[in-house]
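Visitor: my_file-v7.cif is reproduced below (mmCIF, N, CA and C atoms).
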```
data_protein
#
loop_
_atom_site.group_PDB
_atom_site.id
_atom_site.type_symbol
_atom_site.label_atom_id
_atom_site.label_comp_id
_atom_site.auth_asym_id
_atom_site.auth_seq_id
_atom_site.Cartn_x
_atom_site.Cartn_y
_atom_site.Cartn_z
ATOM 1 N N MET Z 560 47.037 -15.881 13.375
ATOM 2 C CA MET Z 560 46.343 -15.014 14.267
ATOM 3 C C MET Z 560 45.431 -14.066 13.501
ATOM 4 N N SER Z 561 44.736 -14.616 12.570
ATOM 5 C CA SER Z 561 43.801 -13.776 11.824
ATOM 6 C C SER Z 561 42.440 -13.785 12.506
ATOM 7 N N GLN Z 562 41.786 -12.682 12.361
ATOM 8 C CA GLN Z 562 40.475 -12.542 12.997
ATOM 9 C C GLN Z 562 39.394 -12.974 12.002
ATOM 10 N N GLN Z 563 38.457 -13.748 12.482
ATOM 11 C CA GLN Z 563 37.380 -14.213 11.624
ATOM 12 C C GLN Z 563 36.383 -13.090 11.383
ATOM 13 N N TRP Z 564 35.990 -12.940 10.141
ATOM 14 C CA TRP Z 564 34.994 -11.930 9.782
ATOM 15 C C TRP Z 564 33.682 -12.642 9.522
ATOM 16 N N SER Z 565 32.611 -12.126 10.092
ATOM 17 C CA SER Z 565 31.297 -12.733 9.863
ATOM 18 C C SER Z 565 30.358 -11.679 9.291
ATOM 19 N N THR Z 566 29.461 -12.147 8.463
ATOM 20 C CA THR Z 566 28.490 -11.234 7.857
ATOM 21 C C THR Z 566 27.455 -10.831 8.897
ATOM 22 N N PRO Z 567 26.882 -9.638 8.764
ATOM 23 C CA PRO Z 567 25.834 -9.238 9.703
ATOM 24 C C PRO Z 567 24.623 -10.140 9.562
ATOM 25 N N SER Z 568 23.954 -10.381 10.664
ATOM 26 C CA SER Z 568 22.799 -11.271 10.628
ATOM 27 C C SER Z 568 21.610 -10.583 9.972
ATOM 28 N N ALA Z 569 20.718 -11.393 9.426
ATOM 29 C CA ALA Z 569 19.520 -10.861 8.775
ATOM 30 C C ALA Z 569 18.563 -10.284 9.802
ATOM 31 N N ALA Z 570 18.642 -10.726 11.036
ATOM 32 C CA ALA Z 570 17.740 -10.223 12.068
ATOM 33 C C ALA Z 570 17.991 -8.752 12.354
ATOM 34 N N ALA Z 571 19.221 -8.295 12.164
ATOM 35 C CA ALA Z 571 19.527 -6.887 12.400
ATOM 36 C C ALA Z 571 18.927 -6.004 11.324
ATOM 37 N N ALA Z 572 18.669 -6.561 10.157
ATOM 38 C CA ALA Z 572 18.151 -5.764 9.053
ATOM 39 C C ALA Z 572 16.631 -5.687 9.030
ATOM 40 N N THR Z 573 15.944 -6.403 9.912
ATOM 41 C CA THR Z 573 14.486 -6.410 9.863
ATOM 42 C C THR Z 573 13.907 -5.042 10.155
ATOM 43 N N ALA Z 574 14.536 -4.256 11.006
ATOM 44 C CA ALA Z 574 14.013 -2.935 11.326
ATOM 45 C C ALA Z 574 14.194 -1.984 10.151
ATOM 46 N N ASP Z 575 15.123 -2.296 9.262
ATOM 47 C CA ASP Z 575 15.399 -1.414 8.136
ATOM 48 C C ASP Z 575 14.444 -1.611 6.966
ATOM 49 N N VAL Z 576 13.709 -2.715 6.938
ATOM 50 C CA VAL Z 576 12.828 -3.017 5.813
ATOM 51 C C VAL Z 576 11.379 -3.010 6.310
ATOM 52 N N PRO Z 577 10.652 -1.912 6.069
ATOM 53 C CA PRO Z 577 9.243 -1.887 6.492
ATOM 54 C C PRO Z 577 8.399 -2.752 5.566
ATOM 55 N N ASN Z 578 7.367 -3.397 6.125
ATOM 56 C CA ASN Z 578 6.564 -4.272 5.271
ATOM 57 C C ASN Z 578 5.247 -3.633 4.823
ATOM 58 N N TYR Z 579 4.808 -2.541 5.410
ATOM 59 C CA TYR Z 579 3.597 -1.814 5.003
ATOM 60 C C TYR Z 579 2.344 -2.686 5.012
ATOM 61 N N LEU Z 580 2.272 -3.667 5.900
ATOM 62 C CA LEU Z 580 1.124 -4.575 5.908
ATOM 63 C C LEU Z 580 -0.143 -3.889 6.411
ATOM 64 N N ILE Z 581 -0.050 -3.128 7.488
ATOM 65 C CA ILE Z 581 -1.238 -2.453 8.031
ATOM 66 C C ILE Z 581 -1.791 -1.431 7.040
ATOM 67 N N PRO Z 582 -0.959 -0.535 6.451
ATOM 68 C CA PRO Z 582 -1.525 0.368 5.434
ATOM 69 C C PRO Z 582 -2.095 -0.365 4.227
ATOM 70 N N ALA Z 583 -1.492 -1.497 3.864
ATOM 71 C CA ALA Z 583 -2.012 -2.273 2.738
ATOM 72 C C ALA Z 583 -3.391 -2.835 3.048
ATOM 73 N N ILE Z 584 -3.573 -3.329 4.265
ATOM 74 C CA ILE Z 584 -4.878 -3.853 4.666
ATOM 75 C C ILE Z 584 -5.918 -2.737 4.705
ATOM 76 N N LEU Z 585 -5.547 -1.593 5.255
ATOM 77 C CA LEU Z 585 -6.484 -0.471 5.328
ATOM 78 C C LEU Z 585 -6.845 0.057 3.941
ATOM 79 N N SER Z 586 -5.870 0.123 3.034
ATOM 80 C CA SER Z 586 -6.182 0.583 1.678
ATOM 81 C C SER Z 586 -7.056 -0.425 0.943
ATOM 82 N N THR Z 587 -6.932 -1.703 1.276
ATOM 83 C CA THR Z 587 -7.797 -2.717 0.675
ATOM 84 C C THR Z 587 -9.231 -2.559 1.156
ATOM 85 N N ILE Z 588 -9.399 -2.332 2.450
ATOM 86 C CA ILE Z 588 -10.743 -2.234 3.018
ATOM 87 C C ILE Z 588 -11.432 -0.943 2.594
ATOM 88 N N PHE Z 589 -10.729 0.171 2.652
ATOM 89 C CA PHE Z 589 -11.377 1.463 2.489
ATOM 90 C C PHE Z 589 -11.232 2.093 1.105
ATOM 91 N N CYS Z 590 -10.308 1.614 0.286
ATOM 92 C CA CYS Z 590 -10.052 2.344 -0.962
ATOM 93 C C CYS Z 590 -10.283 1.506 -2.216
ATOM 94 N N CYS Z 591 -9.350 0.649 -2.546
ATOM 95 C CA CYS Z 591 -9.416 -0.065 -3.822
ATOM 96 C C CYS Z 591 -9.037 -1.531 -3.583
ATOM 97 N N LEU Z 592 -10.008 -2.398 -3.667
ATOM 98 C CA LEU Z 592 -9.807 -3.807 -3.343
ATOM 99 C C LEU Z 592 -8.738 -4.494 -4.196
ATOM 100 N N PRO Z 593 -8.779 -4.415 -5.535
ATOM 101 C CA PRO Z 593 -7.789 -5.179 -6.318
ATOM 102 C C PRO Z 593 -6.342 -4.760 -6.053
ATOM 103 N N LEU Z 594 -6.080 -3.461 -6.048
ATOM 104 C CA LEU Z 594 -4.707 -3.012 -5.817
ATOM 105 C C LEU Z 594 -4.295 -3.196 -4.362
ATOM 106 N N GLY Z 595 -5.245 -3.129 -3.462
ATOM 107 C CA GLY Z 595 -4.940 -3.389 -2.062
ATOM 108 C C GLY Z 595 -4.515 -4.830 -1.834
ATOM 109 N N VAL Z 596 -5.142 -5.761 -2.532
ATOM 110 C CA VAL Z 596 -4.764 -7.176 -2.411
ATOM 111 C C VAL Z 596 -3.341 -7.383 -2.931
ATOM 112 N N VAL Z 597 -3.016 -6.739 -4.041
ATOM 113 C CA VAL Z 597 -1.649 -6.835 -4.578
ATOM 114 C C VAL Z 597 -0.650 -6.274 -3.568
ATOM 115 N N SER Z 598 -1.009 -5.171 -2.935
ATOM 116 C CA SER Z 598 -0.150 -4.571 -1.917
ATOM 117 C C SER Z 598 0.033 -5.511 -0.724
ATOM 118 N N ILE Z 599 -1.027 -6.181 -0.317
ATOM 119 C CA ILE Z 599 -0.928 -7.150 0.789
ATOM 120 C C ILE Z 599 -0.003 -8.308 0.410
ATOM 121 N N ILE Z 600 -0.093 -8.772 -0.814
ATOM 122 C CA ILE Z 600 0.760 -9.878 -1.259
ATOM 123 C C ILE Z 600 2.230 -9.491 -1.166
ATOM 124 N N PHE Z 601 2.579 -8.314 -1.659
ATOM 125 C CA PHE Z 601 3.975 -7.878 -1.589
ATOM 126 C C PHE Z 601 4.391 -7.598 -0.143
ATOM 127 N N ALA Z 602 3.480 -7.067 0.670
ATOM 128 C CA ALA Z 602 3.816 -6.778 2.065
ATOM 129 C C ALA Z 602 4.110 -8.052 2.849
ATOM 130 N N THR Z 603 3.392 -9.130 2.540
ATOM 131 C CA THR Z 603 3.632 -10.383 3.257
ATOM 132 C C THR Z 603 4.921 -11.065 2.802
ATOM 133 N N GLN Z 604 5.429 -10.721 1.650
ATOM 134 C CA GLN Z 604 6.671 -11.312 1.167
ATOM 135 C C GLN Z 604 7.902 -10.716 1.853
ATOM 136 N N VAL Z 605 7.767 -9.516 2.414
ATOM 137 C CA VAL Z 605 8.926 -8.811 2.966
ATOM 138 C C VAL Z 605 9.567 -9.594 4.105
ATOM 139 N N ASN Z 606 8.795 -9.988 5.100
ATOM 140 C CA ASN Z 606 9.366 -10.663 6.270
ATOM 141 C C ASN Z 606 10.007 -12.002 5.920
ATOM 142 N N SER Z 607 9.377 -12.756 5.024
ATOM 143 C CA SER Z 607 9.952 -14.057 4.662
ATOM 144 C C SER Z 607 11.259 -13.880 3.893
ATOM 145 N N LYS Z 608 11.343 -12.846 3.072
ATOM 146 C CA LYS Z 608 12.590 -12.601 2.339
ATOM 147 C C LYS Z 608 13.695 -12.132 3.270
ATOM 148 N N VAL Z 609 13.345 -11.354 4.274
ATOM 149 C CA VAL Z 609 14.352 -10.935 5.250
ATOM 150 C C VAL Z 609 14.853 -12.139 6.042
ATOM 151 N N GLN Z 610 13.951 -13.036 6.413
ATOM 152 C CA GLN Z 610 14.350 -14.222 7.182
ATOM 153 C C GLN Z 610 15.271 -15.143 6.391
ATOM 154 N N THR Z 611 15.083 -15.193 5.082
ATOM 155 C CA THR Z 611 15.963 -16.024 4.261
ATOM 156 C C THR Z 611 17.258 -15.312 3.899
ATOM 157 N N GLY Z 612 17.369 -14.033 4.247
ATOM 158 C CA GLY Z 612 18.590 -13.288 3.970
ATOM 159 C C GLY Z 612 18.571 -12.519 2.671
ATOM 160 N N ASP Z 613 17.463 -12.518 1.967
ATOM 161 C CA ASP Z 613 17.336 -11.798 0.696
ATOM 162 C C ASP Z 613 16.907 -10.363 0.977
ATOM 163 N N ILE Z 614 17.851 -9.541 1.410
ATOM 164 C CA ILE Z 614 17.537 -8.164 1.780
ATOM 165 C C ILE Z 614 17.148 -7.346 0.554
ATOM 166 N N ALA Z 615 17.829 -7.563 -0.569
ATOM 167 C CA ALA Z 615 17.490 -6.827 -1.790
ATOM 168 C C ALA Z 615 16.070 -7.168 -2.249
ATOM 169 N N GLY Z 616 15.723 -8.440 -2.186
ATOM 170 C CA GLY Z 616 14.367 -8.852 -2.548
ATOM 171 C C GLY Z 616 13.331 -8.302 -1.589
ATOM 172 N N ALA Z 617 13.683 -8.230 -0.303
ATOM 173 C CA ALA Z 617 12.772 -7.661 0.690
ATOM 174 C C ALA Z 617 12.565 -6.172 0.449
ATOM 175 N N MET Z 618 13.634 -5.477 0.100
ATOM 176 C CA MET Z 618 13.511 -4.041 -0.200
ATOM 177 C C MET Z 618 12.633 -3.817 -1.430
ATOM 178 N N GLU Z 619 12.785 -4.671 -2.435
ATOM 179 C CA GLU Z 619 11.973 -4.556 -3.652
ATOM 180 C C GLU Z 619 10.506 -4.849 -3.358
ATOM 181 N N ALA Z 620 10.237 -5.887 -2.574
ATOM 182 C CA ALA Z 620 8.855 -6.210 -2.206
ATOM 183 C C ALA Z 620 8.248 -5.092 -1.358
ATOM 184 N N SER Z 621 9.044 -4.500 -0.475
ATOM 185 C CA SER Z 621 8.573 -3.389 0.345
ATOM 186 C C SER Z 621 8.240 -2.174 -0.523
ATOM 187 N N ARG Z 622 9.105 -1.905 -1.498
ATOM 188 C CA ARG Z 622 8.862 -0.770 -2.407
ATOM 189 C C ARG Z 622 7.587 -0.982 -3.213
ATOM 190 N N LYS Z 623 7.380 -2.204 -3.695
ATOM 191 C CA LYS Z 623 6.173 -2.495 -4.474
ATOM 192 C C LYS Z 623 4.915 -2.442 -3.604
ATOM 193 N N ALA Z 624 5.009 -2.930 -2.367
ATOM 194 C CA ALA Z 624 3.863 -2.865 -1.458
ATOM 195 C C ALA Z 624 3.478 -1.420 -1.196
ATOM 196 N N LYS Z 625 4.471 -0.570 -0.983
ATOM 197 C CA LYS Z 625 4.220 0.852 -0.743
ATOM 198 C C LYS Z 625 3.611 1.511 -1.985
ATOM 199 N N MET Z 626 4.146 1.190 -3.155
ATOM 200 C CA MET Z 626 3.651 1.783 -4.399
ATOM 201 C C MET Z 626 2.189 1.400 -4.649
ATOM 202 N N PHE Z 627 1.872 0.106 -4.536
ATOM 203 C CA PHE Z 627 0.497 -0.321 -4.783
ATOM 204 C C PHE Z 627 -0.460 0.203 -3.716
ATOM 205 N N MET Z 628 0.025 0.360 -2.498
ATOM 206 C CA MET Z 628 -0.810 0.921 -1.434
ATOM 207 C C MET Z 628 -1.152 2.379 -1.747
ATOM 208 N N PHE Z 629 -0.152 3.151 -2.178
ATOM 209 C CA PHE Z 629 -0.416 4.553 -2.514
ATOM 210 C C PHE Z 629 -1.319 4.680 -3.745
ATOM 211 N N ILE Z 630 -1.147 3.811 -4.722
ATOM 212 C CA ILE Z 630 -2.030 3.843 -5.897
ATOM 213 C C ILE Z 630 -3.459 3.505 -5.485
ATOM 214 N N ALA Z 631 -3.627 2.520 -4.615
ATOM 215 C CA ALA Z 631 -4.964 2.138 -4.139
ATOM 216 C C ALA Z 631 -5.614 3.293 -3.387
ATOM 217 N N VAL Z 632 -4.854 3.951 -2.519
ATOM 218 C CA VAL Z 632 -5.397 5.093 -1.770
ATOM 219 C C VAL Z 632 -5.751 6.231 -2.736
ATOM 220 N N GLY Z 633 -4.879 6.496 -3.695
ATOM 221 C CA GLY Z 633 -5.153 7.554 -4.678
ATOM 222 C C GLY Z 633 -6.405 7.285 -5.491
ATOM 223 N N LEU Z 634 -6.568 6.053 -5.952
ATOM 224 C CA LEU Z 634 -7.773 5.713 -6.718
ATOM 225 C C LEU Z 634 -9.017 5.761 -5.843
ATOM 226 N N GLY Z 635 -8.889 5.355 -4.585
ATOM 227 C CA GLY Z 635 -10.033 5.440 -3.677
ATOM 228 C C GLY Z 635 -10.455 6.869 -3.426
ATOM 229 N N VAL Z 636 -9.492 7.746 -3.192
ATOM 230 C CA VAL Z 636 -9.809 9.166 -2.973
ATOM 231 C C VAL Z 636 -10.393 9.774 -4.241
ATOM 232 N N LEU Z 637 -9.813 9.461 -5.392
ATOM 233 C CA LEU Z 637 -10.336 9.985 -6.663
ATOM 234 C C LEU Z 637 -11.764 9.513 -6.904
ATOM 235 N N THR Z 638 -12.054 8.275 -6.583
ATOM 236 C CA THR Z 638 -13.407 7.754 -6.747
ATOM 237 C C THR Z 638 -14.389 8.501 -5.857
ATOM 238 N N TRP Z 639 -14.018 8.707 -4.590
ATOM 239 C CA TRP Z 639 -14.917 9.418 -3.681
ATOM 240 C C TRP Z 639 -15.107 10.871 -4.088
ATOM 241 N N VAL Z 640 -14.076 11.519 -4.604
ATOM 242 C CA VAL Z 640 -14.224 12.897 -5.091
ATOM 243 C C VAL Z 640 -15.188 12.933 -6.267
ATOM 244 N N CYS Z 641 -15.060 11.986 -7.188
ATOM 245 C CA CYS Z 641 -15.982 11.930 -8.330
ATOM 246 C C CYS Z 641 -17.417 11.676 -7.873
ATOM 247 N N VAL Z 642 -17.600 10.803 -6.896
ATOM 248 C CA VAL Z 642 -18.938 10.520 -6.379
ATOM 249 C C VAL Z 642 -19.550 11.771 -5.753
ATOM 250 N N VAL Z 643 -18.775 12.484 -4.954
ATOM 251 C CA VAL Z 643 -19.285 13.698 -4.305
ATOM 252 C C VAL Z 643 -19.627 14.756 -5.343
ATOM 253 N N VAL Z 644 -18.764 14.937 -6.341
ATOM 254 C CA VAL Z 644 -19.046 15.925 -7.398
ATOM 255 C C VAL Z 644 -20.302 15.539 -8.162
ATOM 256 N N MET Z 645 -20.466 14.270 -8.469
ATOM 257 C CA MET Z 645 -21.665 13.841 -9.189
ATOM 258 C C MET Z 645 -22.921 14.040 -8.345
ATOM 259 N N TRP Z 646 -22.849 13.758 -7.040
ATOM 260 C CA TRP Z 646 -24.001 13.985 -6.178
ATOM 261 C C TRP Z 646 -24.353 15.461 -6.124
ATOM 262 N N ILE Z 647 -23.352 16.307 -6.010
ATOM 263 C CA ILE Z 647 -23.612 17.750 -5.986
ATOM 264 C C ILE Z 647 -24.246 18.174 -7.301
ATOM 265 N N PHE Z 648 -23.726 17.678 -8.417
ATOM 266 C CA PHE Z 648 -24.275 18.038 -9.714
ATOM 267 C C PHE Z 648 -25.705 17.536 -9.867
ATOM 268 N N VAL Z 649 -25.960 16.281 -9.525
ATOM 269 C CA VAL Z 649 -27.288 15.701 -9.695
ATOM 270 C C VAL Z 649 -28.304 16.397 -8.799
ATOM 271 N N PHE Z 650 -27.975 16.547 -7.518
ATOM 272 C CA PHE Z 650 -28.928 17.189 -6.614
ATOM 273 C C PHE Z 650 -29.030 18.683 -6.884
ATOM 274 N N GLY Z 651 -27.974 19.299 -7.381
ATOM 275 C CA GLY Z 651 -28.051 20.699 -7.782
ATOM 276 C C GLY Z 651 -28.979 20.891 -8.969
ATOM 277 N N MET Z 652 -28.885 20.019 -9.927
ATOM 278 C CA MET Z 652 -29.771 20.095 -11.100
ATOM 279 C C MET Z 652 -31.220 19.799 -10.697
ATOM 280 N N ALA Z 653 -31.391 18.872 -9.756
ATOM 281 C CA ALA Z 653 -32.747 18.578 -9.292
ATOM 282 C C ALA Z 653 -33.339 19.775 -8.548
ATOM 283 N N ALA Z 654 -32.508 20.467 -7.788
ATOM 284 C CA ALA Z 654 -33.001 21.661 -7.069
ATOM 285 C C ALA Z 654 -33.329 22.777 -8.039
ATOM 286 N N ILE Z 655 -32.520 22.934 -9.077
ATOM 287 C CA ILE Z 655 -32.785 23.983 -10.069
ATOM 288 C C ILE Z 655 -34.055 23.639 -10.842
ATOM 289 N N GLY Z 656 -34.236 22.363 -11.186
ATOM 290 C CA GLY Z 656 -35.411 21.941 -11.936
ATOM 291 C C GLY Z 656 -36.689 22.070 -11.143
ATOM 292 N N SER Z 657 -36.621 21.894 -9.832
ATOM 293 C CA SER Z 657 -37.838 21.988 -9.015
ATOM 294 C C SER Z 657 -38.226 23.438 -8.756
ATOM 295 N N ASN Z 658 -37.316 24.379 -8.930
ATOM 296 C CA ASN Z 658 -37.629 25.795 -8.701
ATOM 297 C C ASN Z 658 -38.291 26.428 -9.913
ATOM 298 N N MET Z 659 -38.263 25.805 -11.046
ATOM 299 C CA MET Z 659 -38.824 26.406 -12.263
ATOM 300 C C MET Z 659 -40.275 26.154 -12.386
#
```
The structure in this file should be written as structure tokens.
Guide:
Amino acid sequence: MSQQWSTPSAAAATADVPNYLIPAILSTIFCCLPLGVVSIIFATQVNSKVQTGDIAGAMEASRKAKMFMFIAVGLGVLTWVCVVVMWIFVFGMAAIGSNM
């Protein structure tokens, strides 16, 4: 009269593992193409790993997708800040030069 124990299904764990696919796509389009593509690759691996029952692998792929997405966004923002500063400097110098 022993009770059978069954492992939890992988379908229950899908809500626990975010795949970050939408932020990865947006960071690819608007920020940094190479790192965004890497983020998309890891984001697409999450769901397939969860379906096969590899929750640890899905968590690792999710963590890497998030990391590369944040790096892509950071580099994109840094690039735009540098561009704006350079434009201000260039047009500021041009305005100073035209006043002399």
Visitor: Written as number ranges by chain, which residues does the PyMOL selection byres ((chain Z and resi 618-625) around 7) give for the file shown?
Guide: Z: 576-579, 583, 597-602, 604-605, 613-617, 626-630
Visitor: Could you write out that same residue set with N, CA and C atoms as a CSV table (one decimal), in the coordinates of the input?
Guide:
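Printed below is result37.csv as written:
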```csv
chain,number,residue,atom,x,y,z
Z,576,VAL,N,13.7,-2.7,6.9
Z,576,VAL,CA,12.8,-3.0,5.8
Z,576,VAL,C,11.4,-3.0,6.3
Z,577,PRO,N,10.7,-1.9,6.1
Z,577,PRO,CA,9.2,-1.9,6.5
Z,577,PRO,C,8.4,-2.8,5.6
Z,578,ASN,N,7.4,-3.4,6.1
Z,578,ASN,CA,6.6,-4.3,5.3
Z,578,ASN,C,5.2,-3.6,4.8
Z,579,TYR,N,4.8,-2.5,5.4
Z,579,TYR,CA,3.6,-1.8,5.0
Z,579,TYR,C,2.3,-2.7,5.0
Z,583,ALA,N,-1.5,-1.5,3.9
Z,583,ALA,CA,-2.0,-2.3,2.7
Z,583,ALA,C,-3.4,-2.8,3.0
Z,597,VAL,N,-3.0,-6.7,-4.0
Z,597,VAL,CA,-1.6,-6.8,-4.6
Z,597,VAL,C,-0.6,-6.3,-3.6
Z,598,SER,N,-1.0,-5.2,-2.9
Z,598,SER,CA,-0.2,-4.6,-1.9
Z,598,SER,C,0.0,-5.5,-0.7
Z,599,ILE,N,-1.0,-6.2,-0.3
Z,599,ILE,CA,-0.9,-7.2,0.8
Z,599,ILE,C,0.0,-8.3,0.4
Z,600,ILE,N,-0.1,-8.8,-0.8
Z,600,ILE,CA,0.8,-9.9,-1.3
Z,600,ILE,C,2.2,-9.5,-1.2
Z,601,PHE,N,2.6,-8.3,-1.7
Z,601,PHE,CA,4.0,-7.9,-1.6
Z,601,PHE,C,4.4,-7.6,-0.1
Z,602,ALA,N,3.5,-7.1,0.7
Z,602,ALA,CA,3.8,-6.8,2.1
Z,602,ALA,C,4.1,-8.1,2.8
Z,604,GLN,N,5.4,-10.7,1.6
Z,604,GLN,CA,6.7,-11.3,1.2
Z,604,GLN,C,7.9,-10.7,1.9
Z,605,VAL,N,7.8,-9.5,2.4
Z,605,VAL,CA,8.9,-8.8,3.0
Z,605,VAL,C,9.6,-9.6,4.1
Z,613,ASP,N,17.5,-12.5,2.0
Z,613,ASP,CA,17.3,-11.8,0.7
Z,613,ASP,C,16.9,-10.4,1.0
Z,614,ILE,N,17.9,-9.5,1.4
Z,614,ILE,CA,17.5,-8.2,1.8
Z,614,ILE,C,17.1,-7.3,0.6
Z,615,ALA,N,17.8,-7.6,-0.6
Z,615,ALA,CA,17.5,-6.8,-1.8
Z,615,ALA,C,16.1,-7.2,-2.2
Z,616,GLY,N,15.7,-8.4,-2.2
Z,616,GLY,CA,14.4,-8.9,-2.5
Z,616,GLY,C,13.3,-8.3,-1.6
Z,617,ALA,N,13.7,-8.2,-0.3
Z,617,ALA,CA,12.8,-7.7,0.7
Z,617,ALA,C,12.6,-6.2,0.4
Z,626,MET,N,4.1,1.2,-3.2
Z,626,MET,CA,3.7,1.8,-4.4
Z,626,MET,C,2.2,1.4,-4.6
Z,627,PHE,N,1.9,0.1,-4.5
Z,627,PHE,CA,0.5,-0.3,-4.8
Z,627,PHE,C,-0.5,0.2,-3.7
Z,628,MET,N,0.0,0.4,-2.5
Z,628,MET,CA,-0.8,0.9,-1.4
Z,628,MET,C,-1.2,2.4,-1.7
Z,629,PHE,N,-0.2,3.2,-2.2
Z,629,PHE,CA,-0.4,4.6,-2.5
Z,629,PHE,C,-1.3,4.7,-3.7
Z,630,ILE,N,-1.1,3.8,-4.7
Z,630,ILE,CA,-2.0,3.8,-5.9
Z,630,ILE,C,-3.5,3.5,-5.5
```
Visitor: Just how far from atom C of Z:Val636 is atom C of Z:Phe648, in Å to one decimal?
Guide: 18.1 Å
Visitor: Can you check which residues of stretch 560-654 of chain Z DSSP gives as helix (DSSP H, G or I) on the backbone and send them as a ChimeraX atom specification?
Guide: /Z:569-575,580-589,592-610,614-654
Visitor: Quick one: distance from atom CA of Z:Thr638 to atom N of Z:Ile655 in Å, one decimal?
Guide: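 A separation of 24.5 Å between them.
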Visitor: Padding of 5 Å on every side, edges along x, y and z, all listed atoms of stretch 614-629 of chain Z included: what centre and edge lengths in Å, to one decimal, does that box have, as AutoDock Vina command-line options?
Guide:
```
--center_x 8.3 --center_y -2.4 --center_z -1.5 --size_x 29.2 --size_y 24.2 --size_z 16.6
```
Visitor: In Å, how far is it from atom CA of Z:Ala631 to atom CA of Z:Leu594?
Guide: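 Between atom CA of Z:Ala631 and atom CA of Z:Leu594 the gap works out to 5.4 Å.
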Visitor: Would you mind telling me which residue in Z:Ile647, Z:Ile584, Z:Val596, Z:Cys591 lies nearest to Z:Gly635 when using all atoms listed in the file?
Guide: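 Looking only at the distances to Z:Gly635, the closest residue turns out to be Z:Cys591.
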Visitor: Smallest atom-to-atom distance to Z:Pro593: which of Z:Val609, Z:Leu634, Z:Ile581, Z:Val643, using only C-alpha atoms?
Guide: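 Selected residue with least distance to Z:Pro593: Z:Leu634.
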Visitor: Using only C-alpha atoms for the distances, tell me which of Z:Leu637, Z:Ala654, Z:Val632, Z:Val642 is nearest to Z:Ser586.
Guide: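 Closest to Z:Ser586, using only C-alpha atoms: Z:Val632.
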